[in-house]
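Following: one structure in structure tokens, then a few remarks.
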Amino acid sequence: MNTSRTALDHATGTRWSQYDAFYRTRAGTSLVADLYAAAMGDDYPVEVGASSSCDWHLLGLLTTRLRLRPGRRLVDAGCGTGGIGLWLARALGVRVDGFDLSPEAVAQATARRDQFLGARTDHAVFRTAELENTGLPTAHAQGIVCVDVLGRATDRGAALAELARVLEPGGRLVVTRALRRGAEPQWHHQVAAAGLAQEHLDDRPGEPAMWERLYRLWIQHAAQLRHELGDVQAERMLREAEQTLPTLRGRRAVLLTLRRLPYEPAAQGAADTMTRPDSRPGDRPTGRTQQ
């Protein structure tokens, strides 16, 4: 028996059940969404309803960086309840294949298709899968989004390689990442090994402050969270908040755009690293990931 494989399967099963419980519990109350909305203010995309750092600015950046033409195929990796992928499918006129570790999240995403796509529900398909083993065909998509999920991968290098395999040559993977302020990114080797090249690095300066506001709201509403979600889910959220809050002041959040080789490289220069002109302070999990 492969004991390492058995251990990985057990760990995956444990994560699967935890995420299922979170999504199932959240579906029965508006409290979590209300706290996200309070933390983000006008930047909160109510319709998307993601348990992540997704705000209106990020949706705009994803749209810009993907450069997808209508009719193309997008993969939403770690889709949760599908709001980001469905919003992009409608906005860009593309087809979306979403996958998530949680069957409960996948079921909720599937049920939301008509809300975004109307009669074109066949333009969105959701399935249960892992980042390291998507089950999708090679060169299947022209774009992939991965929002606040890669940090929870069992093996980030393997996850990047798998997502690169699913990309058509020239296609783009757009992923949220975080690092310590002043630190050099450590992902270059994994990116190159996956056959990808960095195309853009966009700073998200308001993201850490958003998480700080959200975590403080969780703590302030601890009693209500326990009442609405139950002790188990509430304690997971509160533990996450207490453990992560001290690290946020040293956090640098970015959006990393990677392109599948081979492609014609763009001219190197200032355009390769861009900070949004409209960025502003105040913008992760149960969210989806702390990277």
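To be explicit about the labels: the chains of the structure tokens are called A, B, and onward in the order shown, and within each one the residues are counted from 1, while ligands get numbers from 1 in the order they are shown.
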
Could you tell me, as an MDAnalysis selection string, which residues of region 132-278 of chain A DSSP assigns to strand (DSSP E or B) when given the backbone?
-> chainID A and resid 133 141:146 167:180 196:203 251:260 273:275

Do you know which residues are at most 6 Å from region 173-189 of chain A counting only C-alpha atoms, after dropping those on the same chain fewer than 3 positions away, and could you put them as a list in words?
->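 Final neighbour list, sorted by chain and number: Gly143, Ile144, Val145, Cys146, Val147, Asp148, Ala192, Gly250, Arg251, Arg252, Ala253, Val254, Leu255, Leu256, Thr257, Leu258 and Gln291 of chain A.
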
Counting only C-alpha atoms, which residues of region 83-112 of chain A sit at most 12 Å from some atom of region 26-31 of chain A, and what is each one's closest atom pair with its distance in Å to one decimal, listed by chain and rising residue number, as a Markdown table?
```
| residue | atom | partner | partner_atom | distance |
| --- | --- | --- | --- | --- |
| A:Glu104 | CA | A:Ala27 | CA | 10.0 |
| A:Ala105 | CA | A:Ala27 | CA | 9.8 |
| A:Ala107 | CA | A:Ala27 | CA | 11.5 |
| A:Gln108 | CA | A:Ala27 | CA | 8.7 |
| A:Ala109 | CA | A:Ala27 | CA | 11.6 |
```

Best match for closeness to Asp155 (chain A) among A:Gln18, A:Glu132, A:His140, A:Arg172, counting only C-alpha atoms = A:Glu132

Please provide the set of residues having any atom within 10 Å of Val191 (chain A), restricted to only C-alpha atoms, with same-chain residues fewer than 6 positions apart removed, written as a PyMOL selection string.
-> chain A and resi 157+160-161+164+197-198+258-260

Hey, what's within 10 Å of Glu47 (chain A) if we count only C-alpha atoms and toss same-chain stuff fewer than 6 positions away? As a list in words, please?
->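 Close residues of Glu47 (chain A): Gly83, Ile84, Trp87, Gln115 and Phe116 of chain A.
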
Who sits within 12 Å of Val46 (chain A), only C-alpha atoms, same chain under 6 positions skipped, as a ChimeraX atom specification = /A:30,33-38,40,54-56,83-84,87

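Closest approach to Ala141 (chain A) among A:Glu162, A:Glu168, A:Asp122, A:Glu242 is made by A:Glu168 (distances from only C-alpha atoms).
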
When DSSP works through the backbone of this structure, what residues of region 86-279 of chain A end up as helix (DSSP H, G or I), shown as a ChimeraX atom specification?
-> /A:86-92,103-111,113-117,121-123,150-152,156-166,188-193,207-220,222-229,231-250,270-272

Nearest candidate to Ala193 (chain A) (options A:Arg113, A:Arg165, A:Arg152, A:Arg65; using only C-alpha atoms) =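 Smallest distance to Ala193 (chain A) is found for A:Arg165.
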
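Taking only C-alpha atoms, the non-local environment of region 68-79 of chain A within 7 Å (same-chain residues fewer than 5 positions away omitted) comprises Gly85, Leu92, Gly93, Val94, Arg95, Val96, Asp97, Gly98, Phe99, Asp100, Leu131, Ala141, Gln142, Gly143, Ile144, Val145, Cys146 and Val149 of chain A.
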
I need the chosen residues saved as a PDB file, in the first residue's frame, with N, CA, C and O atoms.
```pdb
ATOM      1  N   GLY A  85     -16.348  32.965 -11.640  1.00  0.00           N
ATOM      2  CA  GLY A  85     -16.369  32.387 -12.984  1.00  0.00           C
ATOM      3  C   GLY A  85     -17.639  32.730 -13.740  1.00  0.00           C
ATOM      4  O   GLY A  85     -17.602  33.040 -14.938  1.00  0.00           O
ATOM      5  N   LEU A  92     -17.693  38.498 -20.319  1.00  0.00           N
ATOM      6  CA  LEU A  92     -16.806  38.312 -21.467  1.00  0.00           C
ATOM      7  C   LEU A  92     -17.424  37.477 -22.578  1.00  0.00           C
ATOM      8  O   LEU A  92     -16.838  37.354 -23.656  1.00  0.00           O
ATOM      9  N   GLY A  93     -18.582  36.881 -22.316  1.00  0.00           N
ATOM     10  CA  GLY A  93     -19.203  36.031 -23.333  1.00  0.00           C
ATOM     11  C   GLY A  93     -18.443  34.753 -23.577  1.00  0.00           C
ATOM     12  O   GLY A  93     -18.385  34.257 -24.710  1.00  0.00           O
ATOM     13  N   VAL A  94     -17.859  34.184 -22.506  1.00  0.00           N
ATOM     14  CA  VAL A  94     -17.061  32.962 -22.640  1.00  0.00           C
ATOM     15  C   VAL A  94     -17.760  31.796 -21.946  1.00  0.00           C
ATOM     16  O   VAL A  94     -18.731  31.970 -21.211  1.00  0.00           O
ATOM     17  N   ARG A  95     -17.261  30.600 -22.199  1.00  0.00           N
ATOM     18  CA  ARG A  95     -17.704  29.402 -21.487  1.00  0.00           C
ATOM     19  C   ARG A  95     -16.797  29.196 -20.280  1.00  0.00           C
ATOM     20  O   ARG A  95     -15.606  29.500 -20.353  1.00  0.00           O
ATOM     21  N   VAL A  96     -17.358  28.687 -19.185  1.00  0.00           N
ATOM     22  CA  VAL A  96     -16.557  28.492 -17.986  1.00  0.00           C
ATOM     23  C   VAL A  96     -16.659  27.053 -17.495  1.00  0.00           C
ATOM     24  O   VAL A  96     -17.744  26.467 -17.462  1.00  0.00           O
ATOM     25  N   ASP A  97     -15.509  26.474 -17.168  1.00  0.00           N
ATOM     26  CA  ASP A  97     -15.425  25.189 -16.481  1.00  0.00           C
ATOM     27  C   ASP A  97     -14.870  25.476 -15.093  1.00  0.00           C
ATOM     28  O   ASP A  97     -13.717  25.909 -14.969  1.00  0.00           O
ATOM     29  N   GLY A  98     -15.669  25.270 -14.066  1.00  0.00           N
ATOM     30  CA  GLY A  98     -15.219  25.504 -12.708  1.00  0.00           C
ATOM     31  C   GLY A  98     -15.029  24.206 -11.961  1.00  0.00           C
ATOM     32  O   GLY A  98     -15.734  23.228 -12.208  1.00  0.00           O
ATOM     33  N   PHE A  99     -14.064  24.192 -11.056  1.00  0.00           N
ATOM     34  CA  PHE A  99     -13.917  23.013 -10.192  1.00  0.00           C
ATOM     35  C   PHE A  99     -13.527  23.444  -8.798  1.00  0.00           C
ATOM     36  O   PHE A  99     -12.915  24.494  -8.587  1.00  0.00           O
ATOM     37  N   ASP A 100     -13.910  22.617  -7.840  1.00  0.00           N
ATOM     38  CA  ASP A 100     -13.607  22.895  -6.442  1.00  0.00           C
ATOM     39  C   ASP A 100     -13.494  21.574  -5.701  1.00  0.00           C
ATOM     40  O   ASP A 100     -14.047  20.552  -6.124  1.00  0.00           O
ATOM     41  N   LEU A 131      -6.672  21.011  -7.355  1.00  0.00           N
ATOM     42  CA  LEU A 131      -5.751  21.811  -8.162  1.00  0.00           C
ATOM     43  C   LEU A 131      -4.680  20.943  -8.808  1.00  0.00           C
ATOM     44  O   LEU A 131      -4.282  21.182  -9.944  1.00  0.00           O
ATOM     45  N   ALA A 141      -8.210  25.180 -22.253  1.00  0.00           N
ATOM     46  CA  ALA A 141      -8.747  26.519 -22.030  1.00  0.00           C
ATOM     47  C   ALA A 141      -7.782  27.589 -22.497  1.00  0.00           C
ATOM     48  O   ALA A 141      -6.567  27.375 -22.559  1.00  0.00           O
ATOM     49  N   GLN A 142      -8.341  28.751 -22.801  1.00  0.00           N
ATOM     50  CA  GLN A 142      -7.522  29.909 -23.162  1.00  0.00           C
ATOM     51  C   GLN A 142      -7.247  30.815 -21.962  1.00  0.00           C
ATOM     52  O   GLN A 142      -6.410  31.704 -22.037  1.00  0.00           O
ATOM     53  N   GLY A 143      -7.952  30.593 -20.850  1.00  0.00           N
ATOM     54  CA  GLY A 143      -7.734  31.389 -19.655  1.00  0.00           C
ATOM     55  C   GLY A 143      -8.081  30.609 -18.404  1.00  0.00           C
ATOM     56  O   GLY A 143      -8.963  29.742 -18.426  1.00  0.00           O
ATOM     57  N   ILE A 144      -7.385  30.909 -17.317  1.00  0.00           N
ATOM     58  CA  ILE A 144      -7.669  30.309 -16.011  1.00  0.00           C
ATOM     59  C   ILE A 144      -7.583  31.411 -14.963  1.00  0.00           C
ATOM     60  O   ILE A 144      -6.657  32.227 -14.981  1.00  0.00           O
ATOM     61  N   VAL A 145      -8.550  31.431 -14.041  1.00  0.00           N
ATOM     62  CA  VAL A 145      -8.458  32.303 -12.876  1.00  0.00           C
ATOM     63  C   VAL A 145      -8.357  31.427 -11.639  1.00  0.00           C
ATOM     64  O   VAL A 145      -8.992  30.364 -11.553  1.00  0.00           O
ATOM     65  N   CYS A 146      -7.564  31.881 -10.683  1.00  0.00           N
ATOM     66  CA  CYS A 146      -7.363  31.141  -9.440  1.00  0.00           C
ATOM     67  C   CYS A 146      -7.258  32.175  -8.322  1.00  0.00           C
ATOM     68  O   CYS A 146      -6.195  32.749  -8.096  1.00  0.00           O
ATOM     69  N   VAL A 149      -6.724  30.680  -3.727  1.00  0.00           N
ATOM     70  CA  VAL A 149      -6.816  29.227  -3.598  1.00  0.00           C
ATOM     71  C   VAL A 149      -5.448  28.554  -3.634  1.00  0.00           C
ATOM     72  O   VAL A 149      -5.218  27.573  -2.930  1.00  0.00           O
TER      73      VAL A 149
END
```

Option closest in space to Asp43 (chain A), from A:Gly195, A:Gly206, A:Pro246, A:Pro103 [counting only C-alpha atoms] =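 Of A:Gly195, A:Gly206, A:Pro246, A:Pro103, the one nearest Asp43 (chain A), counting only C-alpha atoms, is A:Gly206.
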
Return the single residue from A:Pro262, A:Pro137, A:Gly49, A:Gly82 that is closest to Gly171 (chain A), with distances computed using only C-alpha atoms.
-> A:Pro262

Work out how far apart CA of Met237 (chain A) and CA of His221 (chain A) are and give it in Å to one decimal.
->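 Separation between CA of Met237 (chain A) and CA of His221 (chain A): 11.1 Å.
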
Env of Ala234 (chain A): 7 Å cut, atoms = only C-alpha atoms, seq-sep filter 5 positions within chain, self excluded. Answer as a PDB file with C-alpha atoms, in the first residue's frame.
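Result saved to around_11.pdb:
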```
ATOM      1  CA  LEU A 225     -21.337  33.771  14.428  1.00  0.00           C
ATOM      2  CA  ARG A 226     -21.655  30.979  17.004  1.00  0.00           C
ATOM      3  CA  LEU A 229     -23.067  28.996  12.170  1.00  0.00           C
TER       4      LEU A 229
END
```

Name the closest residue to Leu167 (chain A) among the candidates A:Gly118, A:Glu228, A:Thr154, A:Leu196; distances are taken between atoms, counting only C-alpha atoms.
->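 Looking only at the distances to Leu167 (chain A), the closest residue turns out to be A:Leu196.
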